[in-house]
Amino acid sequence: MEYDERLAIFRQGRLNPFDRGEEEDGPQGGKTPPQHEAKPELFSSETRTQSSDRTMDLGLAEDHFSRPVGSFVASDIEQLKLAIEECKRLILELPEHSERQKDTVVKLIHLRLKLQELKDPEEDEPNLRVLLEHRFSKEKSKSVKQTCDKCSTIIWGLIQTWYTCTGCYYRCHSKCMNLITKPCVRSKVSHQSEYELSICPEIGLDRQDYRCAECRTPVSLRGVPSEARQCDYTGQYYCSACHWNDTAIIPARVIHNWEFEPRKVCRSSMRYLALMMSRPVLKLKEINPLLFNFVEELVEIRKLRQDILLMKPYFITCKEAMEARLLLQLHDRQHFVENDDMYSLQDLIDISSGRLSCSLTEIHTTFAKHIKLDCERCQAKGFVCELCKEGDILFPFDSHTSVCHDCSAVFHRDCYYDNSTTCPRCARMTERKQDELP
């Protein structure tokens, strides 16, 4: 008999799917009908002394589970626990990969699901809950296995209700919601968008009163009563419930040492760093200007960004460029079209890996091609060197040009000598203003 057929008969209470020797051919080759006998007591001594060819009934008969919700008593839970333990014992004793062992595993799963259902009865939960600035959204996924950030146990989405904060992605069981004491990290990002720029600013366990910096649980380096784990970002010590040995790139180590090795951080620091990853809050020329002397890639990126800022006026006055939405090619790095000195941590990571240089060079080429080749209106806004009056049309982002800081006129670099020569355009403008005076 096939497994599905046996399972269907089993659910009707007419057959134990593990007892494959129960049905035997009769004298005329037919099947001997099952004997309807009184059900023995669960795990009785008689059952335990049966041979290995027979497996006991583990209490999954349909009549056991067909009782209405609310009619279960403590004995039902205890019987299920005993059945689960017996199932686990049988799985170890039965031959590996045998059909009987597979059937026993299926039965064990059903028993555990039923036990969980009795312990946590399903309730109507709201789809959205607000708590400590968290905006918790009820999750509908049943197959993805997650870990509760409050109790540190697995969330079984198939049988448990759980929520995720849409701001900081804090996950927890529905039953753990009222126990949460940690406010949403996104509120901290909104009110305080800055990094700790000291490398692992440790203050010592004594300054923390030998308690977790977040939940105030007693901790020690000896692990009694709870292990003290240091966060490399804050420098403080946390308990194992607040510090799961997650790793993250530390901004202070990147800025001061150009080091990108992930370090162990607590849960709240991990979420904060993840939310801050793309925020342009690092002004490198003020925090560590010497970094540009030692990292050549930074110099290259700064030049590309400066060129893009010089191209921006062409695009915002060009109808074709606006229709093509060229500037939206930098939508994920909007600060690149606003300034050339602010960086996000993600920018520095991409600079180190070389990804940013490749993508930004490609965008720079596309922008320059539109201005110098594709668009006649933008070409008409080019400059002719008034000092030598020779050569092609010049643009301020060309590598061989110099720009007057007063009037933005463009000249050949060899002609202008970086402002050492008087700008003809500035001279005309000054003369014109003098002529207008009474």
# chains A, B, ... in the order shown; residues from 1 in each chain; ligands from 1
call {"tool": "select_by_dssp", "arguments": {"residues": "stretch 258-365 of chain A", "states": "strand (DSSP E or B)", "output": "ChimeraX atom specification"}}
result
/A:263-265,282-283,342-343
call {"tool": "closest_atom_pairs", "arguments": {"of": "stretch 273-332 of chain A", "to": "stretch 391-398 of chain A", "cutoff": "12 Å", "atoms": "only C-alpha atoms", "output": "Markdown table"}}
result
| residue | atom | partner | partner_atom | distance |
| --- | --- | --- | --- | --- |
| A:Lys303 | CA | A:Phe397 | CA | 9.3 |
| A:Leu304 | CA | A:Phe397 | CA | 9.1 |
| A:Arg305 | CA | A:Phe397 | CA | 10.3 |
| A:Gln306 | CA | A:Phe397 | CA | 8.0 |
| A:Asp307 | CA | A:Phe397 | CA | 5.0 |
| A:Ile308 | CA | A:Phe397 | CA | 7.9 |
| A:Leu309 | CA | A:Phe397 | CA | 8.9 |
| A:Leu310 | CA | A:Phe397 | CA | 6.2 |
| A:Met311 | CA | A:Phe397 | CA | 7.2 |
| A:Lys312 | CA | A:Phe397 | CA | 10.7 |
| A:Pro313 | CA | A:Pro396 | CA | 11.1 |
| A:Tyr314 | CA | A:Phe395 | CA | 10.5 |
call {"tool": "closest_residue", "arguments": {"among": "A:Ser278, A:Thr401, A:Thr166, A:Ser198", "to": "A:Ile349", "atoms": "only C-alpha atoms"}}
result
A:Ser278
call {"tool": "closest_atom_pairs", "arguments": {"of": "stretch 92-186 of chain A", "to": "stretch 242-250 of chain A", "cutoff": "12 Å", "atoms": "only C-alpha atoms", "output": "Markdown table"}}
result
| residue | atom | partner | partner_atom | distance |
| --- | --- | --- | --- | --- |
| A:Thr147 | CA | A:Trp244 | CA | 11.1 |
| A:Cys148 | CA | A:Cys242 | CA | 11.6 |
| A:Asp149 | CA | A:Cys242 | CA | 8.3 |
| A:Lys150 | CA | A:Cys242 | CA | 8.6 |
| A:Cys151 | CA | A:Cys242 | CA | 10.0 |
| A:Ser152 | CA | A:Trp244 | CA | 9.1 |
| A:Thr181 | CA | A:Cys242 | CA | 11.5 |
| A:Lys182 | CA | A:Cys242 | CA | 10.0 |
call {"tool": "write_last_selection", "arguments": {"atoms": "C-alpha atoms", "output": "short mmCIF file (atom, residue, chain, number, x, y, z; two decimals), in the first residue's frame"}}
result
data_model
loop_
_atom_site.label_atom_id
_atom_site.label_comp_id
_atom_site.auth_asym_id
_atom_site.auth_seq_id
_atom_site.Cartn_x
_atom_site.Cartn_y
_atom_site.Cartn_z
CA THR A 147 15.07 34.49 14.97
CA CYS A 148 13.17 36.56 17.52
CA ASP A 149 15.22 39.60 18.57
CA LYS A 150 13.61 39.58 22.01
CA CYS A 151 13.80 35.98 23.20
CA SER A 152 16.54 34.84 20.77
CA THR A 181 12.21 47.61 25.83
CA LYS A 182 14.41 48.73 22.92
#
call {"tool": "atom_distance", "arguments": {"atom1": "atom CA of A:Gln329", "atom2": "atom CA of A:Met276"}}
result
21.7 Å
call {"tool": "atom_distance", "arguments": {"atom1": "atom CA of A:Lys283", "atom2": "atom CA of A:Ser399"}}
result
25.0 Å
call {"tool": "residues_around", "arguments": {"residues": "A:Cys239", "least_positions_apart": "5", "cutoff": "6 Å", "atoms": "only C-alpha atoms", "output": "ChimeraX atom specification"}}
result
/A:212,227-228
call {"tool": "write_last_selection", "arguments": {"atoms": "N, CA, C and O atoms", "output": "PDB file, in the first residue's frame"}}
result
ATOM      1  N   CYS A 212      25.000  44.894  31.358  1.00  0.00           N
ATOM      2  CA  CYS A 212      24.836  45.118  29.926  1.00  0.00           C
ATOM      3  C   CYS A 212      24.486  46.578  29.675  1.00  0.00           C
ATOM      4  O   CYS A 212      23.640  47.162  30.371  1.00  0.00           O
ATOM      5  N   GLU A 227      27.837  36.157  29.706  1.00  0.00           N
ATOM      6  CA  GLU A 227      29.081  36.560  29.053  1.00  0.00           C
ATOM      7  C   GLU A 227      29.023  38.013  28.605  1.00  0.00           C
ATOM      8  O   GLU A 227      28.034  38.466  28.026  1.00  0.00           O
ATOM      9  N   ALA A 228      30.083  38.770  28.883  1.00  0.00           N
ATOM     10  CA  ALA A 228      30.183  40.166  28.450  1.00  0.00           C
ATOM     11  C   ALA A 228      30.835  40.202  27.079  1.00  0.00           C
ATOM     12  O   ALA A 228      31.964  39.749  26.906  1.00  0.00           O
TER      13      ALA A 228
END
call {"tool": "closest_residue", "arguments": {"among": "A:His110, A:Arg355, A:Arg377, A:Lys145", "to": "A:Cys318", "atoms": "only C-alpha atoms"}}
result
A:Arg377
call {"tool": "select_by_dssp", "arguments": {"residues": "stretch 161-290 of chain A", "states": "helix (DSSP H, G or I)", "output": "compact mmCIF listing (two decimals) with C-alpha atoms, in the first residue's frame"}}
result
# COMPACT_ATOMS: atom_id res chain seq x y z
CA SER A 174 3.59 38.23 18.82
CA LYS A 175 3.83 36.97 22.40
CA CYS A 176 7.09 38.93 22.91
CA MET A 177 5.68 42.28 21.79
CA ASN A 178 4.77 43.53 25.27
CA LEU A 179 8.24 42.62 26.59
CA VAL A 185 16.81 52.58 15.88
CA ARG A 186 15.41 54.55 12.93
CA SER A 187 14.28 57.29 15.31
CA LYS A 188 17.91 57.66 16.42
CA VAL A 189 18.99 57.88 12.79
CA SER A 190 16.39 60.60 12.16
CA HIS A 191 17.38 62.65 15.21
CA PRO A 251 33.20 53.85 10.11
CA ALA A 252 35.95 55.09 12.45
CA ARG A 253 38.35 52.37 11.28
CA VAL A 254 37.59 53.21 7.65
CA ILE A 255 38.18 56.95 8.05
CA HIS A 256 41.32 56.74 10.19
CA ASN A 257 42.91 53.50 8.98
CA ARG A 267 22.37 44.16 17.62
CA SER A 268 21.42 47.81 18.02
CA SER A 269 24.74 48.99 16.52
CA MET A 270 24.31 46.58 13.62
CA ARG A 271 20.88 48.03 12.82
CA TYR A 272 22.09 51.61 13.25
CA LEU A 273 25.06 51.09 10.93
CA ALA A 274 22.83 49.38 8.37
CA LEU A 275 20.38 52.30 8.34
CA MET A 276 23.23 54.85 8.19
CA LEU A 284 36.44 63.61 4.80
CA LYS A 285 38.41 66.80 4.18
CA GLU A 286 37.55 67.93 7.71
CA ILE A 287 37.71 64.59 9.54
call {"tool": "closest_residue", "arguments": {"among": "A:Pro183, A:Pro218, A:Pro280, A:Pro225", "to": "A:Tyr343", "atoms": "only C-alpha atoms"}}
result
A:Pro280
call {"tool": "closest_residue", "arguments": {"among": "A:Leu113, A:Ser98, A:Tyr233, A:Ile84", "to": "A:Trp156", "atoms": "only C-alpha atoms"}}
result
A:Leu113
call {"tool": "atom_distance", "arguments": {"atom1": "atom CA of A:Cys404", "atom2": "atom CA of A:Thr430"}}
result
14.5 Å
